[in-house]
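Text of the file data17.txt, holding compact mmCIF, C-alpha atoms:
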```txt
# COMPACT_ATOMS: atom_id res chain seq x y z
CA MET F 1394 153.27 135.02 87.18
CA ASP F 1395 155.40 131.89 86.93
CA ILE F 1396 155.21 129.57 89.91
CA LEU F 1397 159.00 129.73 90.10
CA ASP F 1398 158.76 133.46 90.77
CA LEU F 1399 156.93 132.87 94.04
CA ARG F 1400 158.80 134.32 97.01
CA ILE F 1401 158.89 132.89 100.49
CA LEU F 1402 156.93 135.95 101.64
CA ASP F 1403 154.20 135.15 99.11
CA ILE F 1404 153.88 131.63 100.52
CA LEU F 1405 153.79 133.01 104.08
CA ASP F 1406 151.15 135.52 102.97
CA ILE F 1407 148.91 132.72 101.68
CA VAL F 1408 149.49 130.59 104.79
CA PHE F 1409 148.64 133.44 107.18
CA VAL F 1410 145.46 134.32 105.28
CA ALA F 1411 144.41 130.65 105.33
CA LEU F 1412 145.09 130.44 109.07
CA LEU F 1413 143.14 133.65 109.67
CA LEU F 1414 140.13 132.39 107.73
CA TYR F 1415 140.36 129.02 109.50
CA TYR F 1416 140.40 130.61 112.92
CA LEU F 1417 137.55 132.99 112.05
CA TYR F 1418 135.53 129.95 110.99
CA LYS F 1419 136.36 128.21 114.29
CA LEU F 1420 135.22 131.32 116.13
CA VAL F 1421 131.74 131.29 114.57
CA ARG F 1422 131.38 127.52 114.10
CA GLY F 1423 128.28 126.14 115.80
CA THR F 1424 126.55 129.53 115.95
CA VAL F 1425 124.02 131.29 113.72
CA ALA F 1426 126.83 133.59 112.58
CA VAL F 1427 128.49 130.76 110.63
CA ASN F 1428 125.76 130.93 107.95
CA ILE F 1429 126.31 134.69 107.59
CA PHE F 1430 130.07 134.13 107.41
CA ILE F 1431 129.69 131.56 104.61
CA GLY F 1432 127.24 133.85 102.77
CA ILE F 1433 129.70 136.75 102.87
CA VAL F 1434 132.52 134.55 101.56
CA VAL F 1435 130.30 133.35 98.68
CA ILE F 1436 129.32 136.93 97.72
CA TYR F 1437 132.98 138.00 97.82
CA LEU F 1438 134.01 135.10 95.56
CA VAL F 1439 131.19 135.91 93.11
CA TRP F 1440 132.37 139.53 93.06
CA LEU F 1441 135.93 138.42 92.23
CA LEU F 1442 134.53 136.20 89.45
CA THR F 1443 132.52 139.07 87.91
CA GLN F 1444 135.66 141.19 87.89
CA LEU F 1445 137.61 138.41 86.21
CA LEU F 1446 134.90 138.02 83.55
CA GLN F 1447 134.66 141.83 83.18
CA MET F 1448 130.93 141.91 83.97
CA GLU F 1449 131.08 145.60 84.82
CA LEU F 1450 127.46 146.24 85.87
CA LEU F 1451 127.13 143.25 88.19
CA SER F 1452 130.67 143.78 89.45
CA SER F 1453 129.94 147.40 90.39
CA VAL F 1454 126.72 146.42 92.20
CA LEU F 1455 128.44 143.66 94.17
CA GLY F 1456 131.42 145.96 94.78
CA GLU F 1457 129.16 148.52 96.46
CA PHE F 1458 127.58 145.77 98.54
CA VAL F 1459 131.00 144.47 99.63
CA GLY F 1460 132.09 148.01 100.54
CA VAL F 1461 129.05 148.67 102.71
CA GLY F 1462 129.23 145.13 104.03
CA VAL F 1463 132.34 145.96 106.05
CA PHE F 1464 130.28 148.18 108.34
CA ALA F 1465 127.50 145.58 108.46
CA LEU F 1466 130.06 142.99 109.56
CA ILE F 1467 130.96 145.08 112.61
CA VAL F 1468 127.31 145.07 113.68
CA VAL F 1469 126.55 141.43 112.87
CA PHE F 1470 129.76 140.00 114.29
CA GLN F 1471 130.26 142.36 117.23
CA GLN F 1472 130.36 139.50 119.77
CA GLU F 1473 132.75 137.44 117.63
CA ILE F 1474 135.00 140.48 117.01
CA ARG F 1475 135.04 141.16 120.74
CA LYS F 1476 136.11 137.58 121.47
CA PHE F 1477 138.78 137.73 118.76
CA LEU F 1478 140.26 140.92 120.23
CA LEU F 1479 140.04 139.50 123.75
CA MET F 1480 141.87 136.42 122.54
CA ILE F 1481 144.67 138.51 121.03
CA GLY F 1482 144.97 140.64 124.16
CA SER F 1483 144.72 137.74 126.57
CA ASN F 1484 147.79 137.08 128.71
CA ASN F 1485 147.25 133.36 128.23
CA PHE F 1486 147.22 133.55 124.45
CA THR F 1487 150.96 132.99 124.04
CA GLN F 1488 151.41 130.88 127.15
CA LYS F 1489 151.51 127.11 127.50
CA GLY F 1490 151.48 126.63 123.72
CA ARG F 1491 147.86 127.81 123.43
CA PHE F 1492 148.58 129.90 120.36
CA LEU F 1493 149.85 126.88 118.42
CA ARG F 1494 147.11 124.64 119.81
CA SER F 1495 144.41 127.01 118.55
CA PHE F 1496 145.57 126.42 114.96
CA ARG F 1497 145.88 122.62 115.09
CA PHE F 1498 144.43 120.67 112.17
CA THR F 1499 144.76 117.12 113.46
CA LYS F 1500 142.34 115.06 115.50
CA ASP F 1501 145.04 114.40 118.08
CA ASP F 1502 143.52 116.73 120.65
CA PHE F 1503 145.20 117.85 123.83
CA GLU F 1504 143.59 116.33 126.90
CA PRO F 1505 141.98 118.91 129.23
CA LYS F 1506 143.43 119.03 132.74
CA ILE F 1507 140.09 119.71 134.41
CA LYS F 1508 138.36 116.79 136.15
CA LEU F 1509 135.28 116.88 133.96
CA ASP F 1510 133.80 113.73 135.48
CA HIS F 1511 133.67 115.45 138.90
CA ILE F 1512 131.89 118.47 137.38
CA VAL F 1513 129.36 116.40 135.43
CA LYS F 1514 128.62 114.06 138.34
CA ALA F 1515 128.15 117.07 140.64
CA CYS F 1516 125.65 118.55 138.14
CA GLU F 1517 123.78 115.23 138.01
CA THR F 1518 123.62 114.97 141.81
CA MET F 1519 122.58 118.60 142.29
CA GLY F 1520 119.95 118.19 139.59
CA SER F 1521 118.41 115.23 141.43
CA THR F 1522 118.01 117.40 144.56
CA TYR F 1523 116.94 120.53 142.62
CA THR F 1524 119.96 122.46 143.84
CA GLY F 1525 120.66 125.51 141.71
CA ALA F 1526 124.23 126.01 140.50
CA LEU F 1527 126.20 128.16 138.07
CA MET F 1528 129.74 127.20 137.07
CA VAL F 1529 132.01 129.06 134.64
CA ILE F 1530 135.03 127.28 133.17
CA GLN F 1531 137.80 129.65 132.09
CA LYS F 1532 139.54 129.04 128.78
CA SER F 1533 142.02 131.53 127.24
CA ASN F 1534 140.30 134.79 128.25
CA LYS F 1535 141.06 136.02 131.76
CA LEU F 1536 138.03 136.35 134.05
CA ASP F 1537 139.60 138.70 136.62
CA PHE F 1538 137.02 141.38 135.85
CA VAL F 1539 134.28 139.14 137.27
CA LYS F 1540 136.35 137.25 139.85
CA ASN F 1541 136.87 140.55 141.66
CA THR F 1542 133.12 140.73 142.35
CA GLY F 1543 133.17 137.54 144.45
CA ASP F 1544 135.32 135.70 146.97
CA LYS F 1545 138.67 134.56 145.61
CA MET F 1546 139.55 130.96 146.38
CA LYS F 1547 142.18 128.38 145.53
CA ILE F 1548 140.52 125.04 146.15
CA GLU F 1549 141.27 121.72 144.46
CA LEU F 1550 138.36 120.82 142.20
CA ASN F 1551 136.34 117.76 143.18
CA GLN F 1552 132.71 116.65 143.31
CA PRO F 1553 132.10 116.95 147.10
CA ILE F 1554 133.51 120.51 147.17
CA ILE F 1555 131.27 121.61 144.28
CA GLU F 1556 128.18 120.16 145.93
CA SER F 1557 129.02 121.67 149.33
CA ILE F 1558 129.52 125.15 147.84
CA PHE F 1559 126.12 125.12 146.11
CA PHE F 1560 124.32 123.50 149.06
CA LYS F 1561 121.25 125.67 149.77
CA ASN F 1562 122.36 126.57 153.31
CA SER F 1563 125.95 127.32 152.29
CA PRO F 1564 127.00 130.99 152.50
CA LEU F 1565 128.81 130.54 149.17
CA HIS F 1566 125.94 129.09 147.10
CA ASP F 1567 124.70 132.39 145.66
CA GLY F 1568 126.38 133.60 142.49
CA ALA F 1569 128.75 131.83 140.12
CA MET F 1570 131.77 129.58 140.66
CA ILE F 1571 134.87 130.17 138.53
CA ILE F 1572 136.91 127.10 137.57
CA GLU F 1573 140.43 127.61 136.25
CA ASP F 1574 142.55 124.62 135.25
CA ASN F 1575 141.83 122.20 138.10
CA LYS F 1576 141.11 124.83 140.75
CA ILE F 1577 138.04 126.66 142.02
CA THR F 1578 139.39 130.22 141.96
CA ALA F 1579 136.30 132.22 142.98
CA THR F 1580 132.78 131.83 144.37
CA ARG F 1581 129.77 134.14 144.78
CA VAL F 1582 130.81 135.86 141.54
CA ILE F 1583 128.42 138.34 139.91
CA LEU F 1584 128.25 137.86 136.14
CA PRO F 1585 127.03 140.24 133.42
CA VAL F 1586 123.43 139.39 132.47
CA SER F 1587 122.53 139.03 128.80
CA ASN F 1588 119.79 141.22 127.35
CA ASP F 1589 119.12 138.80 124.50
CA ARG F 1590 115.34 138.75 124.02
CA SER F 1591 115.46 135.39 122.26
CA ILE F 1592 116.21 133.57 125.54
CA PRO F 1593 113.01 131.74 126.57
CA LEU F 1594 111.18 133.22 129.55
CA ARG F 1595 111.42 129.93 131.46
CA PHE F 1596 115.12 130.60 132.00
CA GLY F 1597 115.98 132.81 134.97
CA LEU F 1598 118.90 135.00 135.99
CA ARG F 1599 121.35 132.10 136.29
CA HIS F 1600 120.87 131.19 132.65
CA ARG F 1601 120.96 134.82 131.51
CA ALA F 1602 124.20 135.34 133.45
CA ALA F 1603 125.68 132.20 131.84
CA VAL F 1604 124.74 133.51 128.39
CA GLY F 1605 126.15 136.94 129.29
CA ILE F 1606 129.62 135.72 130.31
CA THR F 1607 129.91 133.38 127.31
CA GLU F 1608 128.92 136.23 124.97
CA LYS F 1609 131.74 138.42 126.28
CA THR F 1610 134.45 135.77 126.68
CA ASP F 1611 135.32 132.31 125.39
CA ALA F 1612 134.45 130.74 128.76
CA LEU F 1613 132.05 127.80 129.08
CA ALA F 1614 129.13 127.77 131.54
CA LEU F 1615 127.06 125.07 133.21
CA VAL F 1616 123.75 125.84 134.91
CA VAL F 1617 121.70 123.52 137.11
CA SER F 1618 118.09 124.70 137.40
CA GLU F 1619 116.57 124.60 140.87
CA GLU F 1620 113.08 124.52 139.30
CA THR F 1621 113.52 121.61 136.88
CA GLY F 1622 116.80 120.03 137.99
CA GLN F 1623 118.02 120.09 134.38
CA THR F 1624 121.60 120.96 133.47
CA SER F 1625 122.22 123.49 130.69
CA TYR F 1626 125.48 123.91 128.80
CA ILE F 1627 126.16 127.39 127.36
CA LYS F 1628 128.93 128.19 124.91
CA ASP F 1629 129.42 131.34 122.79
CA GLY F 1630 126.14 132.70 124.16
CA GLN F 1631 124.23 129.70 122.82
CA PHE F 1632 122.62 126.69 124.50
CA VAL F 1633 124.37 123.46 123.45
CA MET F 1634 122.01 120.51 123.20
CA PHE F 1635 122.91 117.06 124.61
CA GLU F 1636 121.00 113.88 125.39
CA THR F 1637 122.90 112.29 128.28
CA MET F 1638 125.41 113.39 130.91
CA GLU F 1639 128.01 111.25 129.14
CA GLU F 1640 127.41 113.26 125.96
CA LEU F 1641 127.74 116.48 127.98
CA GLN F 1642 131.12 115.31 129.29
CA ASP F 1643 132.26 114.48 125.75
CA LYS F 1644 131.22 117.95 124.51
CA LEU F 1645 133.07 119.62 127.39
CA LYS F 1646 136.16 117.53 126.66
CA GLU F 1647 136.05 118.51 123.00
CA ASP F 1648 135.59 122.22 123.71
CA LEU F 1649 138.36 122.28 126.32
CA SER F 1650 140.84 120.18 124.33
```

Take the structure in the file and write it out as structure tokens.
Amino acid sequence: MDILDLRILDILDIVFVALLLYYLYKLVRGTVAVNIFIGIVVIYLVWLLTQLLQMELLSSVLGEFVGVGVFALIVVFQQEIRKFLLMIGSNNFTQKGRFLRSFRFTKDDFEPKIKLDHIVKACETMGSTYTGALMVIQKSNKLDFVKNTGDKMKIELNQPIIESIFFKNSPLHDGAMIIEDNKITATRVILPVSNDRSIPLRFGLRHRAAVGITEKTDALALVVSEETGQTSYIKDGQFVMFETMEELQDKLKEDLS
């Protein structure tokens, strides 16, 4: 086909497929699933090449694998598929320009509105006193299904408020805190607990709950251990490693941008 015969719809078709692949990569980036995703893409490209070269035997074998692989994808990427569908069905998806922001290609990130320095400093202070805490930061997926299990609030986010809520003698310290934009919107929230057997036994229910909510939504979670005083950052059901609290703040800023 001559390049001059290309229709506008053909160009849009290519652009939309590229955007879809880009967003799928963003969805699995930083997780174990990204290696599987790349492997599947490689096998699919090899299959297309064997068809082009008319290698019938190898093409038929790879074709059968690709056909069965669709069902395998549903099993392997069930968490990522769930997040993708939640993102599409989210009320916030088309609000505040989030749809366009999710497909940005430049390094000119949007600054998060949340006072991350207050959150990080509160984690550092609570860690020094071995005060347990569990905070969930909402992104595009609504968290109403868990907020309803706790006490709804509308409090301006700041360091003293966070520390007072998780103070050991506070009636609100048990359960999770939900942070939305720059507000604390719920406390004493009960989160779904992950059944992932790969989570080390040294982590308790707070960490399992943080993994559980980040497996089911695109939310971010911070856990302060009352045993060790260490702060854990959980994203996409995975523990994100960091060296200093400044690095933690930078990672939060990047993931919320």

task = Can you work out the spacing between atom CA of F:Ser1563 and atom CA of F:Ser1587 in Å, to one decimal?
result =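 Separation between atom CA of F:Ser1563 and atom CA of F:Ser1587: 26.5 Å.
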
task = Excluding F:Lys1644 and residues on its chain fewer than 4 positions from it, collect all residues at most 10 Å away from it, counting only C-alpha atoms, and give them as a list in words.
result =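 The neighbour list is Tyr1626, Val1633, Met1634, Phe1635, Met1638, Glu1639, Glu1640, Asp1648, Leu1649 and Ser1650 of chain F.
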
With only C-alpha atoms as the counted atoms, please give the residues lying no more than 6 Å from F:Gly1543, apart from itself and same-chain residues fewer than 6 positions off, as a short mmCIF file (atom, residue, chain, number, x, y, z; two decimals) with C-alpha atoms, keeping the file's coordinate frame.
```
data_model
loop_
_atom_site.label_atom_id
_atom_site.label_comp_id
_atom_site.auth_asym_id
_atom_site.auth_seq_id
_atom_site.Cartn_x
_atom_site.Cartn_y
_atom_site.Cartn_z
CA THR F 1580 132.78 131.83 144.37
CA ARG F 1581 129.77 134.14 144.78
CA VAL F 1582 130.81 135.86 141.54
#
```

query = Pick the closest to F:Glu1549 from F:Ser1533, F:Thr1624, F:Thr1518, F:Asn1575: which is it, counting all atoms listed in the file?
reply = F:Asn1575

inquiry  = Would you compute the distance between atom CA of F:Val1616 and atom CA of F:Tyr1418? Give it in Å to one decimal.
reply    =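 For atom CA of F:Val1616 relative to atom CA of F:Tyr1418, the distance reads 27.0 Å.
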
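You will find atom CA of F:Lys1532 at 16.0 Å from atom CA of F:Tyr1416.
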
Among listed residues F:Leu1613, F:Ile1474, F:Leu1438, F:Val1408, nearest F:Ser1625 (using only C-alpha atoms) =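 Once distances to F:Ser1625 are computed over only C-alpha atoms, the minimum belongs to F:Leu1613.
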
ask   = Of the candidates F:Ala1526, F:Leu1641, F:Val1459, F:Leu1414, which one gets nearest to F:Ser1618 if we count all atoms listed in the file?
value = F:Ala1526

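If all atoms listed in the file are the atoms counted, then among F:Pro1564, F:Thr1621, F:Ala1614, F:Phe1632 the closest residue to F:Ser1591 is F:Phe1632.
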
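Using all atoms listed in the file, the nearest neighbour of F:Ala1569 within the list F:Ile1592, F:Ile1583, F:Leu1412, F:Leu1441 is F:Ile1583.
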